[in-house]
>>> print(open('my_file_27.pdb').read())   # PDB, C-alpha atoms and all ligand atoms
ATOM      1  CA  MET A   1     -65.260  82.486 114.956
ATOM      2  CA  SER A   2     -63.892  79.073 115.284
ATOM      3  CA  ASP A   3     -61.513  80.242 117.988
ATOM      4  CA  GLN A   4     -64.334  81.596 120.068
ATOM      5  CA  GLU A   5     -65.439  79.136 122.647
ATOM      6  CA  GLN A   6     -69.037  78.049 122.844
ATOM      7  CA  GLN A   7     -70.845  79.814 125.626
ATOM      8  CA  SER A   8     -71.036  77.602 128.665
ATOM      9  CA  GLY A   9     -72.921  79.611 131.245
ATOM     10  CA  HIS A  10     -70.167  81.951 132.294
ATOM     11  CA  GLY A  11     -67.335  83.485 130.388
ATOM     12  CA  HIS A  12     -66.081  83.024 126.864
ATOM     13  CA  GLY A  13     -62.879  81.150 126.319
ATOM     14  CA  HIS A  14     -60.363  82.475 123.867
ATOM     15  CA  GLY A  15     -57.009  81.696 122.477
ATOM     16  CA  HIS A  16     -55.431  78.684 123.997
ATOM     17  CA  GLY A  17     -58.895  78.410 125.400
ATOM     18  CA  HIS A  18     -58.469  79.149 129.020
ATOM     19  CA  GLY A  19     -60.767  82.136 129.103
ATOM     20  CA  SER A  20     -61.949  84.109 132.058
ATOM     21  CA  SER A  21     -63.586  81.016 133.519
ATOM     22  CA  GLY A  22     -60.576  78.780 132.843
ATOM     23  CA  PRO A  23     -57.748  77.735 135.115
ATOM     24  CA  GLN A  24     -55.094  80.344 135.813
ATOM     25  CA  PRO A  25     -51.633  78.830 136.021
ATOM     26  CA  GLU A  26     -50.091  79.567 139.382
ATOM     27  CA  SER A  27     -46.675  78.160 138.607
ATOM     28  CA  GLU A  28     -44.434  77.513 135.629
ATOM     29  CA  GLU A  29     -45.266  73.815 135.929
ATOM     30  CA  GLU A  30     -48.986  74.494 135.715
ATOM     31  CA  LEU A  31     -48.483  76.808 132.772
ATOM     32  CA  GLN A  32     -46.511  74.159 130.880
ATOM     33  CA  ALA A  33     -49.115  71.504 131.670
ATOM     34  CA  LEU A  34     -51.808  73.591 129.973
ATOM     35  CA  PHE A  35     -49.939  73.168 126.692
ATOM     36  CA  GLU A  36     -49.586  69.391 126.888
ATOM     37  CA  GLN A  37     -51.808  66.822 125.215
ATOM     38  CA  PRO A  38     -53.627  65.578 128.376
ATOM     39  CA  SER A  39     -54.856  69.084 129.147
ATOM     40  CA  TRP A  40     -56.302  69.428 125.629
ATOM     41  CA  GLU A  41     -57.802  65.938 125.643
ATOM     42  CA  GLU A  42     -59.528  66.736 128.915
ATOM     43  CA  ARG A  43     -60.768  70.016 127.561
ATOM     44  CA  TYR A  44     -62.261  68.521 124.387
ATOM     45  CA  ALA A  45     -63.724  65.556 126.269
ATOM     46  CA  SER A  46     -65.446  67.907 128.752
ATOM     47  CA  LYS A  47     -68.095  69.025 126.237
ATOM     48  CA  PRO A  48     -69.430  68.065 122.828
ATOM     49  CA  ALA A  49     -68.179  71.281 121.171
ATOM     50  CA  VAL A  50     -65.480  73.673 122.382
ATOM     51  CA  TRP A  51     -65.413  75.959 119.323
ATOM     52  CA  SER A  52     -68.179  77.646 117.339
ATOM     53  CA  GLY A  53     -67.873  75.517 114.193
ATOM     54  CA  ASN A  54     -67.393  78.615 112.021
ATOM     55  CA  PRO A  55     -64.174  79.188 110.077
ATOM     56  CA  ASN A  56     -61.733  81.737 111.497
ATOM     57  CA  PRO A  57     -62.157  85.228 110.023
ATOM     58  CA  GLN A  58     -58.522  85.866 109.048
ATOM     59  CA  LEU A  59     -58.403  82.563 107.175
ATOM     60  CA  VAL A  60     -61.575  83.474 105.288
ATOM     61  CA  ALA A  61     -60.175  86.955 104.572
ATOM     62  CA  GLU A  62     -56.885  85.621 103.188
ATOM     63  CA  VAL A  63     -58.069  82.581 101.258
ATOM     64  CA  THR A  64     -61.430  83.520  99.742
ATOM     65  CA  GLY A  65     -61.028  83.606  95.962
ATOM     66  CA  VAL A  66     -57.555  82.002  95.978
ATOM     67  CA  ALA A  67     -57.150  79.103  93.537
ATOM     68  CA  PRO A  68     -57.316  75.943  95.651
ATOM     69  CA  GLY A  69     -54.484  73.465  96.052
ATOM     70  CA  ARG A  70     -53.228  71.425  98.970
ATOM     71  CA  ALA A  71     -53.609  72.929 102.474
ATOM     72  CA  LEU A  72     -52.302  71.998 105.916
ATOM     73  CA  ASP A  73     -54.159  73.272 108.998
ATOM     74  CA  ILE A  74     -52.143  72.794 112.169
ATOM     75  CA  GLY A  75     -53.846  72.732 115.557
ATOM     76  CA  SER A  76     -56.967  71.927 113.533
ATOM     77  CA  GLY A  77     -59.153  71.406 116.606
ATOM     78  CA  GLU A  78     -62.726  70.451 115.757
ATOM     79  CA  GLY A  79     -62.081  70.944 112.057
ATOM     80  CA  ALA A  80     -64.082  74.057 111.127
ATOM     81  CA  ASP A  81     -61.251  75.581 109.082
ATOM     82  CA  VAL A  82     -60.409  72.274 107.377
ATOM     83  CA  ILE A  83     -64.051  71.822 106.390
ATOM     84  CA  TRP A  84     -64.352  75.383 105.106
ATOM     85  CA  LEU A  85     -61.181  74.986 103.018
ATOM     86  CA  ALA A  86     -62.450  71.690 101.598
ATOM     87  CA  GLN A  87     -65.698  73.429 100.684
ATOM     88  CA  GLN A  88     -63.610  75.978  98.746
ATOM     89  CA  GLY A  89     -62.063  73.134  96.729
ATOM     90  CA  TRP A  90     -58.841  72.560  98.708
ATOM     91  CA  ARG A  91     -57.484  69.134  99.593
ATOM     92  CA  VAL A  92     -56.789  69.538 103.281
ATOM     93  CA  THR A  93     -54.688  67.889 105.952
ATOM     94  CA  GLY A  94     -55.730  68.635 109.540
ATOM     95  CA  LEU A  95     -53.064  68.055 112.170
ATOM     96  CA  ASP A  96     -53.558  68.109 115.932
ATOM     97  CA  PHE A  97     -52.250  66.262 118.979
ATOM     98  CA  SER A  98     -55.691  65.776 120.520
ATOM     99  CA  ARG A  99     -57.198  62.447 119.479
ATOM    100  CA  VAL A 100     -60.627  63.545 120.735
ATOM    101  CA  ALA A 101     -60.477  66.657 118.547
ATOM    102  CA  LEU A 102     -59.290  64.696 115.501
ATOM    103  CA  GLU A 103     -62.105  62.154 115.816
ATOM    104  CA  ARG A 104     -64.661  64.914 116.238
ATOM    105  CA  ALA A 105     -63.259  66.860 113.289
ATOM    106  CA  ALA A 106     -63.336  63.782 111.033
ATOM    107  CA  ALA A 107     -66.975  63.170 111.998
ATOM    108  CA  HIS A 108     -67.839  66.797 111.174
ATOM    109  CA  ALA A 109     -66.122  66.505 107.786
ATOM    110  CA  GLU A 110     -68.172  63.386 107.093
ATOM    111  CA  GLU A 111     -71.401  65.194 108.053
ATOM    112  CA  ALA A 112     -70.434  68.134 105.839
ATOM    113  CA  GLY A 113     -69.852  65.778 102.886
ATOM    114  CA  VAL A 114     -66.182  66.719 102.446
ATOM    115  CA  ALA A 115     -64.487  63.699 104.019
ATOM    116  CA  ALA A 116     -62.937  62.650 100.695
ATOM    117  CA  ALA A 117     -61.045  65.954 100.465
ATOM    118  CA  THR A 118     -59.723  65.767 104.025
ATOM    119  CA  GLU A 119     -57.200  63.731 105.977
ATOM    120  CA  TRP A 120     -56.273  63.850 109.638
ATOM    121  CA  ARG A 121     -52.935  63.412 111.321
ATOM    122  CA  HIS A 122     -52.053  62.938 114.942
ATOM    123  CA  ALA A 123     -48.766  64.678 115.761
ATOM    124  CA  ASP A 124     -47.113  67.019 118.234
ATOM    125  CA  LEU A 125     -45.973  70.144 116.374
ATOM    126  CA  ARG A 126     -43.029  70.560 118.709
ATOM    127  CA  THR A 127     -41.426  67.417 117.295
ATOM    128  CA  TRP A 128     -43.185  67.005 113.922
ATOM    129  CA  SER A 129     -41.341  67.476 110.641
ATOM    130  CA  PRO A 130     -42.914  67.691 107.172
ATOM    131  CA  GLY A 131     -40.233  65.434 105.660
ATOM    132  CA  GLU A 132     -40.499  65.697 101.881
ATOM    133  CA  GLU A 133     -44.153  66.771 101.932
ATOM    134  CA  ARG A 134     -45.170  70.292 100.885
ATOM    135  CA  TRP A 135     -48.478  72.203 100.958
ATOM    136  CA  ASP A 136     -49.590  75.276  98.951
ATOM    137  CA  LEU A 137     -51.164  76.773 102.068
ATOM    138  CA  VAL A 138     -50.073  76.175 105.650
ATOM    139  CA  THR A 139     -52.368  77.757 108.228
ATOM    140  CA  SER A 140     -52.083  78.021 112.006
ATOM    141  CA  GLN A 141     -55.045  79.597 113.772
ATOM    142  CA  PHE A 142     -54.730  80.398 117.475
ATOM    143  CA  MET A 143     -52.090  77.868 118.285
ATOM    144  CA  HIS A 144     -49.950  79.329 121.078
ATOM    145  CA  GLN A 145     -46.896  78.164 122.967
ATOM    146  CA  PRO A 146     -45.453  79.551 126.184
ATOM    147  CA  HIS A 147     -42.372  81.765 126.252
ATOM    148  CA  GLY A 148     -41.861  82.383 122.540
ATOM    149  CA  GLY A 149     -42.274  78.731 121.539
ATOM    150  CA  MET A 150     -44.234  79.659 118.415
ATOM    151  CA  VAL A 151     -41.023  80.778 116.701
ATOM    152  CA  GLY A 152     -39.783  77.177 116.544
ATOM    153  CA  ILE A 153     -43.180  75.961 115.351
ATOM    154  CA  VAL A 154     -43.303  78.587 112.601
ATOM    155  CA  ARG A 155     -39.804  77.584 111.491
ATOM    156  CA  THR A 156     -41.096  74.027 111.005
ATOM    157  CA  LEU A 157     -44.253  75.219 109.253
ATOM    158  CA  ALA A 158     -42.166  77.302 106.852
ATOM    159  CA  GLU A 159     -40.413  74.093 105.726
ATOM    160  CA  ALA A 160     -43.813  72.627 104.836
ATOM    161  CA  VAL A 161     -44.747  75.405 102.365
ATOM    162  CA  ALA A 162     -44.445  74.582  98.653
ATOM    163  CA  PRO A 163     -42.543  76.985  96.358
ATOM    164  CA  GLY A 164     -44.858  79.961  95.711
ATOM    165  CA  GLY A 165     -47.106  78.848  98.580
ATOM    166  CA  THR A 166     -48.437  80.760 101.571
ATOM    167  CA  LEU A 167     -47.915  80.534 105.297
ATOM    168  CA  LEU A 168     -50.663  82.121 107.413
ATOM    169  CA  VAL A 169     -50.189  82.342 111.175
ATOM    170  CA  VAL A 170     -52.818  83.980 113.393
ATOM    171  CA  GLY A 171     -52.768  84.343 117.154
ATOM    172  CA  HIS A 172     -53.900  86.546 119.980
ATOM    173  CA  HIS A 173     -52.038  89.799 120.520
ATOM    174  CA  PRO A 174     -50.421  90.321 123.958
ATOM    175  CA  GLY A 175     -52.403  93.565 124.273
ATOM    176  CA  ASP A 176     -55.502  91.437 124.787
ATOM    177  CA  VAL A 177     -54.558  90.292 128.278
ATOM    178  CA  ASP A 178     -56.468  93.257 129.692
ATOM    179  CA  THR A 179     -59.719  92.406 127.888
ATOM    180  CA  GLY A 180     -60.678  89.922 130.606
ATOM    181  CA  LEU A 181     -60.740  87.186 127.970
ATOM    182  CA  ARG A 182     -57.158  86.019 127.657
ATOM    183  CA  TRP A 183     -55.622  86.762 131.013
ATOM    184  CA  SER A 184     -54.530  83.282 131.853
ATOM    185  CA  ILE A 185     -52.125  82.808 128.985
ATOM    186  CA  GLY A 186     -50.319  86.124 128.689
ATOM    187  CA  GLN A 187     -47.044  84.180 128.582
ATOM    188  CA  ALA A 188     -48.103  82.558 125.294
ATOM    189  CA  LEU A 189     -49.500  85.458 123.257
ATOM    190  CA  PHE A 190     -47.427  86.951 120.420
ATOM    191  CA  THR A 191     -47.206  89.923 118.114
ATOM    192  CA  PRO A 192     -46.834  89.043 114.424
ATOM    193  CA  ASP A 193     -43.338  90.533 114.438
ATOM    194  CA  ASP A 194     -42.335  88.167 117.273
ATOM    195  CA  LEU A 195     -42.503  85.397 114.650
ATOM    196  CA  LEU A 196     -40.159  87.007 112.108
ATOM    197  CA  PRO A 197     -36.964  85.309 113.408
ATOM    198  CA  ALA A 198     -38.466  82.040 112.086
ATOM    199  CA  LEU A 199     -38.302  83.177 108.449
ATOM    200  CA  HIS A 200     -35.247  83.827 106.252
ATOM    201  CA  ALA A 201     -35.827  87.371 104.998
ATOM    202  CA  ASP A 202     -34.624  86.611 101.465
ATOM    203  CA  ALA A 203     -36.924  83.590 100.996
ATOM    204  CA  TRP A 204     -40.280  85.190 101.857
ATOM    205  CA  ASP A 205     -42.497  88.176 101.112
ATOM    206  CA  VAL A 206     -43.949  88.876 104.532
ATOM    207  CA  VAL A 207     -46.823  91.041 105.733
ATOM    208  CA  THR A 208     -47.451  91.414 109.474
ATOM    209  CA  GLU A 209     -50.591  93.098 110.757
ATOM    210  CA  VAL A 210     -52.606  93.503 113.925
ATOM    211  CA  ARG A 211     -56.310  93.321 113.025
ATOM    212  CA  GLU A 212     -59.075  94.291 115.390
ATOM    213  CA  ARG A 213     -62.446  92.601 115.691
ATOM    214  CA  THR A 214     -65.321  92.801 118.127
ATOM    215  CA  VAL A 215     -66.408  89.786 120.155
ATOM    216  CA  PRO A 216     -68.629  89.268 123.219
ATOM    217  CA  GLY A 217     -66.650  90.103 126.379
ATOM    218  CA  PRO A 218     -66.731  88.317 129.731
ATOM    219  CA  ASP A 219     -69.997  90.062 130.633
ATOM    220  CA  GLY A 220     -71.519  89.618 127.193
ATOM    221  CA  ASP A 221     -70.796  93.224 126.218
ATOM    222  CA  PRO A 222     -68.796  93.739 123.023
ATOM    223  CA  VAL A 223     -65.009  93.847 123.445
ATOM    224  CA  VAL A 224     -62.436  94.753 120.803
ATOM    225  CA  VAL A 225     -59.728  92.114 120.466
ATOM    226  CA  ARG A 226     -56.627  92.056 118.289
ATOM    227  CA  ASP A 227     -55.455  89.256 116.033
ATOM    228  CA  SER A 228     -51.735  88.996 115.286
ATOM    229  CA  VAL A 229     -51.555  88.072 111.597
ATOM    230  CA  LEU A 230     -48.506  86.960 109.624
ATOM    231  CA  VAL A 231     -48.875  86.230 105.915
ATOM    232  CA  ALA A 232     -45.705  84.956 104.247
ATOM    233  CA  ARG A 233     -45.446  83.998 100.583
ATOM    234  CA  ALA A 234     -42.570  81.761  99.587
ATOM    235  CA  ARG A 235     -40.518  83.332  96.776
TER     236      ARG A 235
HETATM  237  C1  LIG B   1     -56.780  77.223 120.456
HETATM  238  S1  LIG B   1     -57.035  75.659 119.669
HETATM  239  C2  LIG B   1     -57.405  76.206 118.032
HETATM  240  C3  LIG B   1     -58.200  75.219 117.243
HETATM  241  C4  LIG B   1     -58.572  75.702 115.842
HETATM  242  N1  LIG B   1     -57.410  76.110 115.056
HETATM  243  C5  LIG B   1     -59.558  76.836 115.948
HETATM  244  O1  LIG B   1     -59.187  77.994 115.701
HETATM  245  O2  LIG B   1     -60.705  76.555 116.321
HETATM  246  C6  LIG B   1     -55.394  75.010 119.529
HETATM  247  C7  LIG B   1     -55.327  73.589 118.986
HETATM  248  O3  LIG B   1     -53.968  73.213 118.870
HETATM  249  C8  LIG B   1     -53.803  71.898 119.347
HETATM  250  N2  LIG B   1     -52.419  71.834 119.836
HETATM  251  C9  LIG B   1     -51.902  72.509 120.894
HETATM  252  N3  LIG B   1     -50.613  72.197 121.055
HETATM  253  C10 LIG B   1     -50.297  71.317 120.051
HETATM  254  C11 LIG B   1     -49.099  70.635 119.691
HETATM  255  N4  LIG B   1     -47.968  70.794 120.379
HETATM  256  N5  LIG B   1     -49.138  69.815 118.613
HETATM  257  C12 LIG B   1     -50.287  69.645 117.901
HETATM  258  N6  LIG B   1     -51.443  70.257 118.215
HETATM  259  C13 LIG B   1     -51.455  71.082 119.281
HETATM  260  C14 LIG B   1     -54.845  71.712 120.433
HETATM  261  O4  LIG B   1     -55.182  70.358 120.627
HETATM  262  C15 LIG B   1     -55.990  72.553 119.867
HETATM  263  O5  LIG B   1     -56.860  71.742 119.098
END
>>> encode(input="my_file_27.pdb", output="structure tokens", more="lines below")
Ligand SMILES: C[S@@+](CC[C@H](N)C(=O)[O-])C[C@H]1O[C@@H](n2cnc3c(N)ncnc32)[C@H](O)[C@@H]1O
Amino acid sequence: MSDQEQQSGHGHGHGHGHGSSGPQPESEEELQALFEQPSWEERYASKPAVWSGNPNPQLVAEVTGVAPGRALDIGSGEGADVIWLAQQGWRVTGLDFSRVALERAAAHAEEAGVAAATEWRHADLRTWSPGEERWDLVTSQFMHQPHGGMVGIVRTLAEAVAPGGTLLVVGHHPGDVDTGLRWSIGQALFTPDDLLPALHADAWDVVTEVRERTVPGPDGDPVVVRDSVLVARAR
């Protein structure tokens, strides 16, 4: 999975990426700092690849076989999902606030021969607005924010969906804090239903699900983790 951190000797990072070997915030200030651009820049700059390079499974499950259009991937990281979408015929915008990640992602798209179908934007989702632009698919894979902050982000993403388009938001379920993989960011995990206040009930057909999958645990043994999945189709 794209969200699964490359093995680096000990531990497997997940979610926001501070896995069992990552820093545990000891104060509110430290927690907030983990979600700021410098922390992510440092993280990406610390190794040539943070993520696996494979597309995320819930994206593949939801989009395979769907007629391609224009897609926006937010928190696009090293670009695996953008590249996969482009390979399926989509024209894709990747958006992230890490310049290191964006440069790396653009280089990967070039290597994969899909650069012409991709574009990259540097922005902070907490202040970004789509303006007049709309996308047929807006996808957010494992972007998290502390203390319920994803609701505001999802509200913004909903504005970016074209009429009849789809919003797909995937994150780590709070139940996963006891897996030993996601303990450091319990304050940022969400259930799919936590996101519902972001969407006007009469404007969307919404499905929320918790989907299990098996990944290597902190000791290398398989561990079942849960993805919070929200699929909303604009009426
Ligand atoms: C857990 S990573 C997921 C990357 C990719 N979606 C994947 O699954 O491999 C979260 C990404 O969101 C980006 N990000 C975090 N906060 C952001 C913000 N406020 N605005 C824009 N990007 C942000 C980070 O730089 C990082 O690349």
>>> closest_atom_pairs(input="my_file_27.pdb", of="range 84-180 of chain A", to="range 57-76 of chain A", cutoff="8 Å", atoms="all atoms listed in the file", output="JSON lines")
{"residue": "A:Leu85", "atom": "CA", "partner": "A:Ala71", "partner_atom": "CA", "distance": 7.9}
{"residue": "A:Gln88", "atom": "CA", "partner": "A:Pro68", "partner_atom": "CA", "distance": 7.0}
{"residue": "A:Gly89", "atom": "CA", "partner": "A:Pro68", "partner_atom": "CA", "distance": 5.6}
{"residue": "A:Trp90", "atom": "CA", "partner": "A:Pro68", "partner_atom": "CA", "distance": 4.8}
{"residue": "A:Arg91", "atom": "CA", "partner": "A:Arg70", "partner_atom": "CA", "distance": 4.9}
{"residue": "A:Val92", "atom": "CA", "partner": "A:Ala71", "partner_atom": "CA", "distance": 4.7}
{"residue": "A:Thr93", "atom": "CA", "partner": "A:Leu72", "partner_atom": "CA", "distance": 4.8}
{"residue": "A:Gly94", "atom": "CA", "partner": "A:Asp73", "partner_atom": "CA", "distance": 4.9}
{"residue": "A:Leu95", "atom": "CA", "partner": "A:Ile74", "partner_atom": "CA", "distance": 4.8}
{"residue": "A:Asp96", "atom": "CA", "partner": "A:Gly75", "partner_atom": "CA", "distance": 4.6}
{"residue": "A:Phe97", "atom": "CA", "partner": "A:Gly75", "partner_atom": "CA", "distance": 7.5}
{"residue": "A:Leu102", "atom": "CA", "partner": "A:Ser76", "partner_atom": "CA", "distance": 7.8}
{"residue": "A:Leu125", "atom": "CA", "partner": "A:Ile74", "partner_atom": "CA", "distance": 7.9}
{"residue": "A:Trp135", "atom": "CA", "partner": "A:Arg70", "partner_atom": "CA", "distance": 5.2}
{"residue": "A:Asp136", "atom": "CA", "partner": "A:Arg70", "partner_atom": "CA", "distance": 5.3}
{"residue": "A:Leu137", "atom": "CA", "partner": "A:Ala71", "partner_atom": "CA", "distance": 4.6}
{"residue": "A:Val138", "atom": "CA", "partner": "A:Leu72", "partner_atom": "CA", "distance": 4.7}
{"residue": "A:Thr139", "atom": "CA", "partner": "A:Asp73", "partner_atom": "CA", "distance": 4.9}
{"residue": "A:Ser140", "atom": "CA", "partner": "A:Ile74", "partner_atom": "CA", "distance": 5.2}
{"residue": "A:Gln141", "atom": "CA", "partner": "A:Gly75", "partner_atom": "CA", "distance": 7.2}
{"residue": "A:Phe142", "atom": "CA", "partner": "A:Gly75", "partner_atom": "CA", "distance": 8.0}
{"residue": "A:Met143", "atom": "CA", "partner": "A:Gly75", "partner_atom": "CA", "distance": 6.1}
{"residue": "A:Leu168", "atom": "CA", "partner": "A:Leu59", "partner_atom": "CA", "distance": 7.8}
{"residue": "A:Val170", "atom": "CA", "partner": "A:Gln58", "partner_atom": "CA", "distance": 7.4}
>>> closest_atom_pairs(input="my_file_27.pdb", of="range 61-122 of chain A", to="range 24-47 of chain A", cutoff="12 Å", atoms="only C-alpha atoms", output="CSV")
residue,atom,partner,partner_atom,distance
A:Gly75,CA,A:Trp40,CA,10.9
A:Gly77,CA,A:Tyr44,CA,8.9
A:Glu78,CA,A:Tyr44,CA,8.9
A:Asp96,CA,A:Gln37,CA,9.5
A:Phe97,CA,A:Gln37,CA,6.3
A:Ser98,CA,A:Glu41,CA,5.5
A:Arg99,CA,A:Glu41,CA,7.1
A:Val100,CA,A:Glu41,CA,6.1
A:Ala101,CA,A:Tyr44,CA,6.4
A:Leu102,CA,A:Tyr44,CA,10.1
A:Glu103,CA,A:Tyr44,CA,10.7
A:Arg104,CA,A:Tyr44,CA,9.2
A:Ala105,CA,A:Tyr44,CA,11.3
A:His122,CA,A:Gln37,CA,11.0
>>> write_last_selection(input="my_file_27.pdb", atoms="C-alpha atoms", output="compact mmCIF listing (two decimals), keeping the file's coordinate frame")
# COMPACT_ATOMS: atom_id res chain seq x y z
CA GLY A 75 -53.85 72.73 115.56
CA GLY A 77 -59.15 71.41 116.61
CA GLU A 78 -62.73 70.45 115.76
CA ASP A 96 -53.56 68.11 115.93
CA PHE A 97 -52.25 66.26 118.98
CA SER A 98 -55.69 65.78 120.52
CA ARG A 99 -57.20 62.45 119.48
CA VAL A 100 -60.63 63.54 120.74
CA ALA A 101 -60.48 66.66 118.55
CA LEU A 102 -59.29 64.70 115.50
CA GLU A 103 -62.10 62.15 115.82
CA ARG A 104 -64.66 64.91 116.24
CA ALA A 105 -63.26 66.86 113.29
CA HIS A 122 -52.05 62.94 114.94
>>> closest_residue(input="my_file_27.pdb", among="A:Gly164, A:Gly79, A:Pro146, A:Pro216", to="Val114 in chain A", atoms="all atoms listed in the file")
A:Gly79
>>> closest_residue(input="my_file_27.pdb", among="A:Val225, A:Ala86, A:Ala112, A:Ala188", to="ligand LIG 1 (chain B)", atoms="only C-alpha atoms and all ligand atoms")
A:Ala188
>>> closest_residue(input="my_file_27.pdb", among="A:Ala123, A:Val82, A:Met150, A:Ala116", to="ligand LIG 1 (chain B)", atoms="only C-alpha atoms and all ligand atoms")
A:Ala123
>>> closest_residue(input="my_file_27.pdb", among="A:Arg134, A:His172, A:Ala109, A:Gly148", to="ligand LIG 1 (chain B)", atoms="all atoms listed in the file")
A:His172
>>> decode(input="my_file_27.pdb", residues="range 44-58 of chain A", atoms="N, CA, C and O atoms", output="short mmCIF file (atom, residue, chain, number, x, y, z; two decimals), in the first residue's frame")
data_model
loop_
_atom_site.label_atom_id
_atom_site.label_comp_id
_atom_site.auth_asym_id
_atom_site.auth_seq_id
_atom_site.Cartn_x
_atom_site.Cartn_y
_atom_site.Cartn_z
N TYR A 44 10.24 13.55 4.57
CA TYR A 44 10.51 13.13 3.20
C TYR A 44 11.99 13.24 2.87
O TYR A 44 12.55 12.39 2.17
N ALA A 45 12.64 14.30 3.39
CA ALA A 45 14.06 14.49 3.07
C ALA A 45 14.94 13.44 3.75
O ALA A 45 16.08 13.22 3.33
N SER A 46 14.41 12.76 4.77
CA SER A 46 15.23 11.83 5.56
C SER A 46 15.53 10.53 4.82
O SER A 46 16.42 9.78 5.20
N LYS A 47 14.76 10.21 3.78
CA LYS A 47 15.05 9.00 3.00
C LYS A 47 14.51 9.12 1.59
O LYS A 47 13.58 9.92 1.34
N PRO A 48 15.05 8.33 0.67
CA PRO A 48 14.65 8.50 -0.73
C PRO A 48 13.19 8.12 -0.99
O PRO A 48 12.59 8.61 -1.94
N ALA A 49 12.63 7.22 -0.18
CA ALA A 49 11.22 6.83 -0.38
C ALA A 49 10.60 6.55 0.99
O ALA A 49 11.12 5.73 1.75
N VAL A 50 9.51 7.24 1.29
CA VAL A 50 8.80 7.00 2.55
C VAL A 50 7.73 5.94 2.35
O VAL A 50 7.52 5.07 3.19
N TRP A 51 7.03 6.00 1.19
CA TRP A 51 5.91 5.09 0.94
C TRP A 51 6.31 4.00 -0.07
O TRP A 51 7.35 4.09 -0.72
N SER A 52 5.44 3.00 -0.20
CA SER A 52 5.78 1.81 -0.98
C SER A 52 5.83 2.04 -2.48
O SER A 52 6.46 1.27 -3.21
N GLY A 53 5.14 3.08 -2.96
CA GLY A 53 5.07 3.29 -4.41
C GLY A 53 3.88 2.59 -5.05
O GLY A 53 3.62 2.77 -6.25
N ASN A 54 3.14 1.81 -4.27
CA ASN A 54 1.94 1.14 -4.80
C ASN A 54 0.71 2.00 -4.52
O ASN A 54 0.66 2.69 -3.49
N PRO A 55 -0.29 1.93 -5.39
CA PRO A 55 -1.51 2.71 -5.12
C PRO A 55 -2.25 2.16 -3.90
O PRO A 55 -2.13 0.98 -3.58
N ASN A 56 -3.00 3.02 -3.23
CA ASN A 56 -3.74 2.61 -2.04
C ASN A 56 -4.92 1.70 -2.41
O ASN A 56 -5.63 1.96 -3.38
N PRO A 57 -5.13 0.66 -1.61
CA PRO A 57 -6.12 -0.37 -1.99
C PRO A 57 -7.56 0.12 -2.09
O PRO A 57 -8.30 -0.33 -2.96
N GLN A 58 -7.96 1.06 -1.24
CA GLN A 58 -9.37 1.52 -1.32
C GLN A 58 -9.57 2.37 -2.56
O GLN A 58 -10.67 2.38 -3.13
#
